[in-house]
$ cat entry-v7.tsv   # TSV, C-alpha atoms
chain	number	residue	atom	x	y	z
A	16	MET	CA	113.47	87.02	125.92
A	17	ALA	CA	115.30	90.07	124.53
A	18	LYS	CA	118.61	89.41	122.85
A	19	LYS	CA	121.55	90.63	124.89
A	20	ASP	CA	123.56	93.44	123.32
A	21	PRO	CA	127.17	92.28	122.67
A	22	THR	CA	128.47	95.50	124.23
A	23	ASP	CA	126.66	94.64	127.47
A	24	LEU	CA	128.63	91.41	127.94
A	25	SER	CA	131.26	91.29	130.64
A	26	VAL	CA	134.89	90.78	129.66
A	27	GLU	CA	134.69	87.23	131.00
A	28	GLU	CA	131.65	86.47	128.81
A	29	LYS	CA	133.33	88.04	125.78
A	30	LEU	CA	136.46	85.95	126.27
A	31	LYS	CA	134.50	82.77	126.77
A	32	THR	CA	132.41	83.40	123.64
A	33	LEU	CA	135.57	84.18	121.68
A	34	TYR	CA	137.11	80.90	122.77
A	35	LEU	CA	133.96	78.99	121.77
A	36	LEU	CA	134.12	80.72	118.38
A	37	GLN	CA	137.77	79.75	118.04
A	38	THR	CA	136.93	76.13	118.90
A	39	ALA	CA	134.24	76.01	116.19
A	40	LEU	CA	136.51	77.63	113.59
A	41	SER	CA	139.35	75.26	114.44
A	42	ALA	CA	136.98	72.30	113.99
A	43	ILE	CA	136.02	73.64	110.55
A	44	ASP	CA	139.71	74.05	109.68
A	45	GLU	CA	140.28	70.46	110.73
A	46	LYS	CA	137.45	69.26	108.47
A	47	ARG	CA	138.97	71.19	105.58
A	48	THR	CA	142.40	69.77	106.33
A	49	LEU	CA	140.95	66.29	105.82
A	50	ARG	CA	140.42	67.24	102.19
A	51	GLY	CA	144.14	67.84	101.89
A	52	GLU	CA	145.32	69.17	98.54
A	53	LEU	CA	142.29	67.80	96.68
A	54	PRO	CA	140.46	71.14	96.30
A	55	GLN	CA	143.61	72.79	94.95
A	56	GLU	CA	144.29	69.84	92.65
A	57	VAL	CA	140.72	70.02	91.32
A	58	ASN	CA	141.08	73.78	90.72
A	59	ASP	CA	144.44	73.28	88.98
A	60	LEU	CA	142.98	70.60	86.70
A	61	GLU	CA	139.97	72.79	85.89
A	62	ASP	CA	142.29	75.70	85.04
A	63	GLU	CA	144.50	73.44	82.92
A	64	ILE	CA	141.51	72.05	81.00
A	65	GLU	CA	140.17	75.56	80.47
A	66	GLY	CA	143.58	76.61	79.10
A	67	LEU	CA	143.69	73.55	76.82
A	68	ASN	CA	140.19	74.28	75.52
A	69	THR	CA	141.24	77.86	74.75
A	70	ARG	CA	144.28	76.50	72.90
A	71	VAL	CA	142.09	74.07	70.95
A	72	GLN	CA	139.79	76.92	69.94
A	73	ARG	CA	142.78	78.96	68.80
A	74	ILE	CA	144.17	76.02	66.78
A	75	GLN	CA	140.77	75.41	65.20
A	76	THR	CA	140.57	79.11	64.29
A	77	ASP	CA	144.01	78.86	62.63
A	78	ILE	CA	142.87	75.78	60.67
A	79	ASP	CA	139.74	77.61	59.53
A	80	ASP	CA	141.86	80.60	58.47
A	81	PHE	CA	144.18	78.36	56.45
A	82	ASP	CA	141.17	76.62	54.86
A	83	ARG	CA	139.75	79.98	53.82
A	84	ALA	CA	143.14	80.98	52.44
A	85	VAL	CA	143.30	77.77	50.39
A	86	THR	CA	139.78	78.39	49.07
A	87	GLN	CA	140.71	81.95	48.19
A	88	LYS	CA	143.88	80.88	46.39
A	89	ARG	CA	141.97	78.23	44.45
A	90	GLY	CA	139.54	80.93	43.39
A	91	GLU	CA	142.47	83.09	42.28
A	92	ILE	CA	143.87	80.12	40.32
A	93	ALA	CA	140.54	79.62	38.60
A	94	ASP	CA	140.43	83.31	37.67
A	95	ALA	CA	144.03	83.19	36.43
A	96	GLU	CA	143.38	80.05	34.35
A	97	SER	CA	140.31	81.70	32.86
A	98	SER	CA	142.40	84.75	31.96
A	99	VAL	CA	145.12	82.55	30.43
A	100	ALA	CA	142.52	80.77	28.30
A	101	ARG	CA	141.07	84.09	27.17
A	102	TYR	CA	144.48	85.56	26.36
A	103	LYS	CA	145.45	82.45	24.39
A	104	ALA	CA	142.27	82.78	22.39
A	105	GLN	CA	143.10	86.43	21.68
A	106	LEU	CA	146.58	85.45	20.49
A	107	GLU	CA	145.01	83.84	17.46
A	108	GLU	CA	143.43	87.11	16.49
A	109	VAL	CA	146.37	89.49	17.01
A	110	LYS	CA	147.17	91.87	14.15
A	111	ASN	CA	150.64	93.03	15.18
A	112	ASN	CA	153.65	92.12	17.29
A	113	ARG	CA	152.82	94.64	19.95
A	114	GLU	CA	149.50	92.97	20.78
A	115	TYR	CA	151.21	89.57	20.68
A	116	ASP	CA	153.91	90.65	23.17
A	117	THR	CA	151.33	92.21	25.49
A	118	LEU	CA	149.17	89.08	25.52
A	119	SER	CA	152.21	86.85	25.96
A	120	LYS	CA	153.31	88.86	29.00
A	121	GLU	CA	149.80	88.63	30.48
A	122	ILE	CA	149.76	84.86	29.95
A	123	GLU	CA	153.22	84.59	31.58
A	124	PHE	CA	152.12	86.78	34.51
A	125	GLN	CA	148.93	84.76	35.08
A	126	SER	CA	150.93	81.53	34.91
A	127	LEU	CA	153.30	82.84	37.58
A	128	GLU	CA	150.28	83.82	39.68
A	129	ILE	CA	148.97	80.26	39.34
A	130	GLU	CA	152.32	78.83	40.45
A	131	LEU	CA	152.48	81.24	43.41
A	132	CYS	CA	148.93	80.35	44.44
A	133	ASN	CA	149.73	76.64	44.22
A	134	LYS	CA	152.82	77.23	46.40
A	135	LYS	CA	150.71	79.14	48.95
A	136	ILE	CA	148.14	76.32	48.91
A	137	ARG	CA	150.83	73.69	49.57
A	138	GLU	CA	152.23	75.76	52.45
A	139	ALA	CA	148.75	76.25	53.90
A	140	GLN	CA	147.94	72.55	53.58
A	141	ALA	CA	151.20	71.69	55.38
A	142	ARG	CA	150.28	74.12	58.16
A	143	ILE	CA	146.79	72.63	58.31
A	144	ALA	CA	148.32	69.15	58.72
A	145	GLU	CA	150.56	70.42	61.56
A	146	LYS	CA	147.64	72.17	63.23
A	147	LYS	CA	145.49	69.06	62.99
A	148	ASP	CA	148.22	66.99	64.66
A	149	GLU	CA	148.50	69.63	67.37
A	150	LEU	CA	144.71	69.66	67.72
A	151	ALA	CA	144.59	65.87	68.10
A	152	ALA	CA	147.36	65.95	70.75
A	153	ASN	CA	145.55	68.66	72.71
A	154	ASN	CA	142.21	66.85	72.50
A	155	ALA	CA	143.88	63.66	73.78
A	156	LEU	CA	145.46	65.65	76.63
A	157	ILE	CA	142.08	67.21	77.48
A	158	GLU	CA	140.50	63.77	77.59
A	159	GLU	CA	143.27	62.53	79.90
A	160	ARG	CA	142.99	65.54	82.19
A	161	GLN	CA	139.21	65.25	82.19
A	162	GLY	CA	139.54	61.68	83.44
A	163	ASP	CA	141.91	62.82	86.21
A	164	LEU	CA	139.48	65.59	87.11
A	165	GLU	CA	136.57	63.18	87.43
A	166	VAL	CA	138.58	60.96	89.77
A	167	LYS	CA	139.69	63.91	91.93
A	168	ARG	CA	136.17	65.34	92.03
A	169	SER	CA	134.78	61.96	93.05
A	170	GLU	CA	137.30	61.71	95.92
A	171	LEU	CA	136.58	65.29	97.00
A	172	ASP	CA	132.80	64.81	96.86
A	173	GLU	CA	133.11	61.65	98.93
A	174	ILE	CA	135.11	63.43	101.64
A	175	MET	CA	132.83	66.47	101.57
A	176	GLU	CA	129.75	64.25	101.87
A	177	GLU	CA	131.18	62.75	105.04
A	178	THR	CA	131.95	66.11	106.61
A	179	ARG	CA	129.24	68.36	105.07
A	180	ALA	CA	126.63	67.90	107.80
A	181	GLU	CA	129.10	68.47	110.64
A	182	GLU	CA	130.65	71.45	108.85
A	183	GLU	CA	127.22	73.05	108.30
A	184	ARG	CA	126.42	72.61	111.98
A	185	LEU	CA	129.73	74.23	112.93
A	186	LYS	CA	129.10	77.13	110.54
A	187	GLU	CA	125.76	77.77	112.23
A	188	LYS	CA	127.55	77.80	115.59
A	189	VAL	CA	130.09	80.28	114.21
A	190	LYS	CA	127.30	82.62	113.07
A	191	GLU	CA	125.64	82.33	116.47
A	192	TYR	CA	128.84	83.14	118.36
A	193	GLU	CA	129.72	86.03	116.03
A	194	THR	CA	126.39	87.75	116.79
A	195	LYS	CA	127.29	87.67	120.48
A	196	ILE	CA	130.62	89.45	120.02
A	197	GLU	CA	130.90	93.18	119.47
A	198	PRO	CA	132.06	94.02	115.91
A	199	ARG	CA	135.28	95.74	116.94
A	200	LEU	CA	136.50	92.82	119.05
A	201	LEU	CA	135.38	90.34	116.38
A	202	ALA	CA	137.29	92.23	113.67
A	203	SER	CA	140.43	92.25	115.85
A	204	PHE	CA	140.07	88.52	116.52
A	205	LYS	CA	139.68	87.75	112.80
A	206	ARG	CA	142.71	89.85	111.95
A	207	ILE	CA	144.82	88.07	114.59
A	208	ARG	CA	143.57	84.68	113.42
A	209	LYS	CA	144.33	85.49	109.78
A	210	ASN	CA	147.93	86.40	110.61
A	211	ALA	CA	148.45	83.38	112.89
A	212	ARG	CA	150.11	80.40	111.25
A	213	ASN	CA	147.90	77.82	112.97
A	214	GLY	CA	144.72	79.90	112.77
A	215	LEU	CA	144.51	80.46	116.51
A	216	GLY	CA	143.39	83.95	117.49
A	217	ILE	CA	142.79	83.19	121.17
A	218	VAL	CA	144.74	80.74	123.34
A	219	TYR	CA	144.87	79.75	126.98
A	220	VAL	CA	147.91	79.87	129.22
A	221	GLN	CA	149.87	76.62	129.28
A	222	ARG	CA	152.59	76.00	131.85
A	223	ASP	CA	153.04	79.72	132.52
A	224	ALA	CA	153.46	80.41	128.78
A	225	CYS	CA	151.38	81.63	125.83
A	226	GLY	CA	149.53	78.71	124.22
A	227	GLY	CA	150.29	80.14	120.76
A	228	CYS	CA	153.98	81.07	120.72
A	229	PHE	CA	154.97	79.38	124.04
A	230	ASN	CA	156.85	82.41	125.34
A	231	LYS	CA	156.87	82.77	129.13
A	232	ILE	CA	154.29	85.08	130.70
A	233	PRO	CA	155.27	87.14	133.77
A	234	PRO	CA	153.41	86.22	137.00
A	235	GLN	CA	151.69	89.62	137.24
A	236	ARG	CA	150.37	89.29	133.71
A	237	GLN	CA	149.11	85.79	134.49
A	238	LEU	CA	147.26	87.22	137.46
A	239	ASP	CA	145.68	89.87	135.22
A	240	ILE	CA	144.56	87.13	132.82
A	241	LYS	CA	142.94	85.20	135.68
A	242	MET	CA	141.09	88.29	136.86
A	243	HIS	CA	139.13	88.51	133.53
A	244	LYS	CA	138.94	92.29	133.86
A	245	LYS	CA	140.29	93.17	130.42
A	246	VAL	CA	141.28	91.61	127.12
A	247	ILE	CA	145.00	90.83	127.25
A	248	VAL	CA	147.12	89.92	124.24
A	249	CYS	CA	150.49	88.21	124.10
A	250	GLU	CA	153.26	90.77	123.76
A	251	TYR	CA	155.17	88.39	121.47
A	252	CYS	CA	152.61	86.94	119.02
A	253	GLY	CA	149.62	89.26	119.56
A	254	ARG	CA	147.13	86.45	120.32
A	255	ILE	CA	144.39	87.02	122.88
A	256	MET	CA	145.08	85.05	126.07
A	257	ILE	CA	142.65	83.57	128.57
A	258	ASP	CA	142.79	81.53	131.72
A	259	PRO	CA	142.62	77.74	131.12
A	260	GLU	CA	139.73	77.41	133.59
A	261	LEU	CA	137.69	79.90	131.55
A	262	ALA	CA	138.46	77.84	128.46
A	263	GLY	CA	137.14	74.77	130.25
A	264	VAL	CA	140.54	73.13	130.33
A	265	LYS	CA	141.43	71.17	133.42
A	266	VAL	CA	144.96	71.91	134.53
A	267	ASP	CA	146.64	69.23	136.62
A	268	LYS	CA	148.31	70.76	139.63
A	269	PRO	CA	151.83	69.53	140.28
A	270	VAL	CA	151.95	66.84	142.93
A	271	VAL	CA	154.17	67.82	145.86
A	272	VAL	CA	156.01	64.83	147.23
A	273	GLU	CA	156.78	65.23	150.91
A	274	LYS	CA	160.23	64.15	152.00
A	275	LYS	CA	160.33	61.54	154.73
A	276	THR	CA	162.45	62.70	157.64
A	277	ARG	CA	164.79	60.07	158.86
A	278	LYS	CA	164.93	59.71	162.66
A	279	ARG	CA	168.32	59.64	164.03
A	280	THR	CA	169.00	56.77	166.42
A	281	ILE	CA	171.31	57.60	169.32
A	282	ARG	CA	173.29	54.72	170.68
A	283	LYS	CA	173.97	55.00	174.38
A	284	THR	CA	177.09	52.90	174.56
A	285	SER	CA	178.32	54.00	178.00
A	286	SER	CA	175.05	53.30	179.87
A	287	ALA	CA	174.58	49.99	178.07
A	288	SER	CA	178.07	48.79	179.02
A	289	SER	CA	177.63	49.88	182.62
A	290	LYS	CA	174.34	48.00	182.77
A	291	LYS	CA	176.03	44.86	181.43
A	292	SER	CA	178.70	45.16	184.18
A	293	ALA	CA	176.07	45.49	186.88
A	294	ASP	CA	174.24	42.44	185.63
A	295	ALA	CA	177.45	40.47	185.66
A	296	ASN	CA	178.11	41.46	189.27
A	297	ASP	CA	174.65	40.38	190.28
A	298	MET	CA	175.18	36.99	188.68
A	299	GLU	CA	178.37	36.52	190.70
$ encode --input "entry-v7.tsv" --output "structure tokens"
Amino acid sequence: MAKKDPTDLSVEEKLKTLYLLQTALSAIDEKRTLRGELPQEVNDLEDEIEGLNTRVQRIQTDIDDFDRAVTQKRGEIADAESSVARYKAQLEEVKNNREYDTLSKEIEFQSLEIELCNKKIREAQARIAEKKDELAANNALIEERQGDLEVKRSELDEIMEETRAEEERLKEKVKEYETKIEPRLLASFKRIRKNARNGLGIVYVQRDACGGCFNKIPPQRQLDIKMHKKVIVCEYCGRIMIDPELAGVKVDKPVVVEKKTRKRTIRKTSSASSKKSADANDME
């Protein structure tokens, strides 16, 4: 059997298919609501752990930089000590005061360099100690957050396992209904649904009012909705409106209670008294 072109559907068929689509989407929304804030909490924990890991990497990089600086300074100290030793050896062979003063100044300079390098090493080692404490604190926090994440993921997986099969079935229904609706109408419906607070893009008339915003609908407009001749939207909230019968909703008609008419009893006092007088005369 050839597949029916969505544009060939009557307005009534389009509206009915749209309502079936809305029903399936609302059921999916309900399944997702059961998960509550868990998906967001899982995402937040994942983002936090990722941020902590980035911080740990940065701290480790700082520690490595300080370690390299310490190694470099120790190398400079070794060079300076070697120079000092060489200059001291040359002092024993000086031939004049000028050479002696020059070598003495070089020894003094190299000694100051050694002191400065030792100071830099102490500062770097202090920073390394601070960074290691910070690294340990961040690693402990990551471990704690990782535990929280595992618990949240377990809860989420458990809920999703319960609803996965039903949700997949509903998604297949959604795809099926969407193929039956012309693209332009489907795009309008999705836009309306996206802007609606409760996710309802199409609603049926309830008690002479829009089922989405509950504003009253004029009688003539209600008649147009029942005729199923065109797609009608609420002038207040913009949702598509359909007749409850088309949506398969049974509307209870108001029960009219008939008033009981009370019969008025007419008392014929004059005739009754005259009859009593006649009876009395007969008895005499």
$ residues_around --input "entry-v7.tsv" --residues "region 228-235 of chain A" --least-positions-apart "2" --cutoff "10 Å" --atoms "only C-alpha atoms" --output "ChimeraX atom specification"
/A:211,218,220-226,237-241,249-254
$ closest_residue --input "entry-v7.tsv" --among "A:Ala141, A:Leu36, A:Leu171, A:Ile207" --to "Thr48 (chain A)" --atoms "all atoms listed in the file"
A:Leu171
$ axis_aligned_box --input "entry-v7.tsv" --around "region 217-230 of chain A" --padding-each-side "6 Å" --output "AutoDock Vina command-line options"
--center_x 149.8 --center_y 79.6 --center_z 126.6 --size_x 26.1 --size_y 19.2 --size_z 23.8
$ residues_around --input "entry-v7.tsv" --residues "Leu164 (chain A)" --least-positions-apart "5" --cutoff "9 Å" --atoms "only C-alpha atoms" --output "ChimeraX atom specification"
/A:56-57,60-61,159,169
$ closest_residue --input "entry-v7.tsv" --among "A:Leu118, A:Ile129, A:Ile136, A:Ile78" --to "Glu96 (chain A)" --atoms "only C-alpha atoms"
A:Ile129
$ residues_around --input "entry-v7.tsv" --residues "Arg184 (chain A)" --least-positions-apart "5" --cutoff "12 Å" --atoms "only C-alpha atoms" --output "PyMOL selection string"
chain A and resi 39-40+42-43+178-179+189-191
$ closest_residue --input "entry-v7.tsv" --among "A:Glu63, A:Glu128, A:Glu149, A:Asp116" --to "Arg89 (chain A)" --atoms "all atoms listed in the file"
A:Glu128
$ closest_residue --input "entry-v7.tsv" --among "A:Ile122, A:Ile247, A:Ala202, A:Leu67" --to "Ala104 (chain A)" --atoms "all atoms listed in the file"
A:Ile122
$ atom_distance --input "entry-v7.tsv" --atom1 "CA of Ile255 (chain A)" --atom2 "CA of Ile217 (chain A)"
4.5 Å
$ closest_residue --input "entry-v7.tsv" --among "A:Leu33, A:Ala84, A:Ala151, A:Val99" --to "Arg70 (chain A)" --atoms "all atoms listed in the file"
A:Ala151
$ atom_distance --input "entry-v7.tsv" --atom1 "CA of Lys244 (chain A)" --atom2 "CA of Val26 (chain A)"
6.0 Å
$ closest_residue --input "entry-v7.tsv" --among "A:Glu107, A:Arg101, A:Lys135, A:Glu130" --to "Gln87 (chain A)" --atoms "only C-alpha atoms"
A:Lys135
$ atom_distance --input "entry-v7.tsv" --atom1 "CA of Val248 (chain A)" --atom2 "CA of Gly227 (chain A)"
10.9 Å
$ residues_around --input "entry-v7.tsv" --residues "Ile157 (chain A)" --least-positions-apart "4" --cutoff "7 Å" --atoms "all atoms listed in the file" --output "PyMOL selection string"
chain A and resi 64+67+153+161
$ write_last_selection --input "entry-v7.tsv" --atoms "C-alpha atoms" --output "PDB file, in the frame of the given file"
ATOM      1  CA  ILE A  64     141.510  72.050  81.000  1.00  0.00           C
ATOM      2  CA  LEU A  67     143.690  73.550  76.820  1.00  0.00           C
ATOM      3  CA  ASN A 153     145.550  68.660  72.710  1.00  0.00           C
ATOM      4  CA  GLN A 161     139.210  65.250  82.190  1.00  0.00           C
TER       5      GLN A 161
END
$ decode --input "entry-v7.tsv" --residues "region 24-45 of chain A" --atoms "N, CA, C and O atoms" --output "tab-separated table (two decimals), in the first residue's frame"
chain	number	residue	atom	x	y	z
A	24	LEU	N	-3.52	14.78	3.63
A	24	LEU	CA	-4.36	14.53	4.79
A	24	LEU	C	-5.36	15.66	4.97
A	24	LEU	O	-5.07	16.83	4.69
A	25	SER	N	-6.53	15.31	5.46
A	25	SER	CA	-7.52	16.34	5.78
A	25	SER	C	-7.09	17.06	7.05
A	25	SER	O	-6.23	16.58	7.80
A	26	VAL	N	-7.69	18.22	7.29
A	26	VAL	CA	-7.36	18.98	8.49
A	26	VAL	C	-7.65	18.16	9.74
A	26	VAL	O	-6.88	18.17	10.71
A	27	GLU	N	-8.75	17.43	9.71
A	27	GLU	CA	-9.11	16.58	10.86
A	27	GLU	C	-8.03	15.54	11.13
A	27	GLU	O	-7.64	15.32	12.28
A	28	GLU	N	-7.53	14.90	10.06
A	28	GLU	CA	-6.49	13.88	10.21
A	28	GLU	C	-5.19	14.51	10.71
A	28	GLU	O	-4.48	13.92	11.55
A	29	LYS	N	-4.88	15.70	10.21
A	29	LYS	CA	-3.67	16.39	10.64
A	29	LYS	C	-3.73	16.70	12.13
A	29	LYS	O	-2.77	16.48	12.88
A	30	LEU	N	-4.89	17.22	12.56
A	30	LEU	CA	-5.05	17.58	13.97
A	30	LEU	C	-4.98	16.36	14.88
A	30	LEU	O	-4.37	16.39	15.94
A	31	LYS	N	-5.61	15.29	14.42
A	31	LYS	CA	-5.60	14.07	15.23
A	31	LYS	C	-4.18	13.51	15.35
A	31	LYS	O	-3.75	13.09	16.43
A	32	THR	N	-3.44	13.51	14.23
A	32	THR	CA	-2.05	13.02	14.25
A	32	THR	C	-1.18	13.92	15.13
A	32	THR	O	-0.33	13.42	15.89
A	33	LEU	N	-1.41	15.22	15.05
A	33	LEU	CA	-0.67	16.15	15.90
A	33	LEU	C	-0.92	15.87	17.38
A	33	LEU	O	0.00	15.91	18.20
A	34	TYR	N	-2.17	15.58	17.71
A	34	TYR	CA	-2.50	15.31	19.11
A	34	TYR	C	-1.85	14.00	19.58
A	34	TYR	O	-1.38	13.91	20.70
A	35	LEU	N	-1.83	13.00	18.69
A	35	LEU	CA	-1.16	11.73	19.03
A	35	LEU	C	0.33	11.96	19.24
A	35	LEU	O	0.95	11.37	20.14
A	36	LEU	N	0.92	12.81	18.40
A	36	LEU	CA	2.33	13.16	18.54
A	36	LEU	C	2.57	13.85	19.88
A	36	LEU	O	3.53	13.54	20.59
A	37	GLN	N	1.68	14.79	20.21
A	37	GLN	CA	1.81	15.50	21.49
A	37	GLN	C	1.72	14.54	22.67
A	37	GLN	O	2.47	14.65	23.64
A	38	THR	N	0.81	13.57	22.57
A	38	THR	CA	0.64	12.59	23.65
A	38	THR	C	1.91	11.79	23.85
A	38	THR	O	2.34	11.55	24.99
A	39	ALA	N	2.54	11.35	22.74
A	39	ALA	CA	3.78	10.58	22.82
A	39	ALA	C	4.91	11.42	23.40
A	39	ALA	O	5.68	10.97	24.25
A	40	LEU	N	5.02	12.67	22.95
A	40	LEU	CA	6.07	13.56	23.46
A	40	LEU	C	5.88	13.88	24.93
A	40	LEU	O	6.85	13.94	25.70
A	41	SER	N	4.63	14.05	25.34
A	41	SER	CA	4.35	14.32	26.75
A	41	SER	C	4.72	13.12	27.62
A	41	SER	O	5.21	13.28	28.74
A	42	ALA	N	4.47	11.91	27.08
A	42	ALA	CA	4.85	10.69	27.82
A	42	ALA	C	6.36	10.60	27.97
A	42	ALA	O	6.87	10.20	29.03
A	43	ILE	N	7.10	10.99	26.92
A	43	ILE	CA	8.57	11.00	27.00
A	43	ILE	C	9.03	12.03	28.04
A	43	ILE	O	9.93	11.76	28.84
A	44	ASP	N	8.39	13.20	28.02
A	44	ASP	CA	8.74	14.24	29.00
A	44	ASP	C	8.50	13.73	30.42
A	44	ASP	O	9.27	14.03	31.34
A	45	GLU	N	7.42	12.98	30.58
A	45	GLU	CA	7.10	12.44	31.91
A	45	GLU	C	8.17	11.45	32.36
A	45	GLU	O	8.57	11.44	33.53
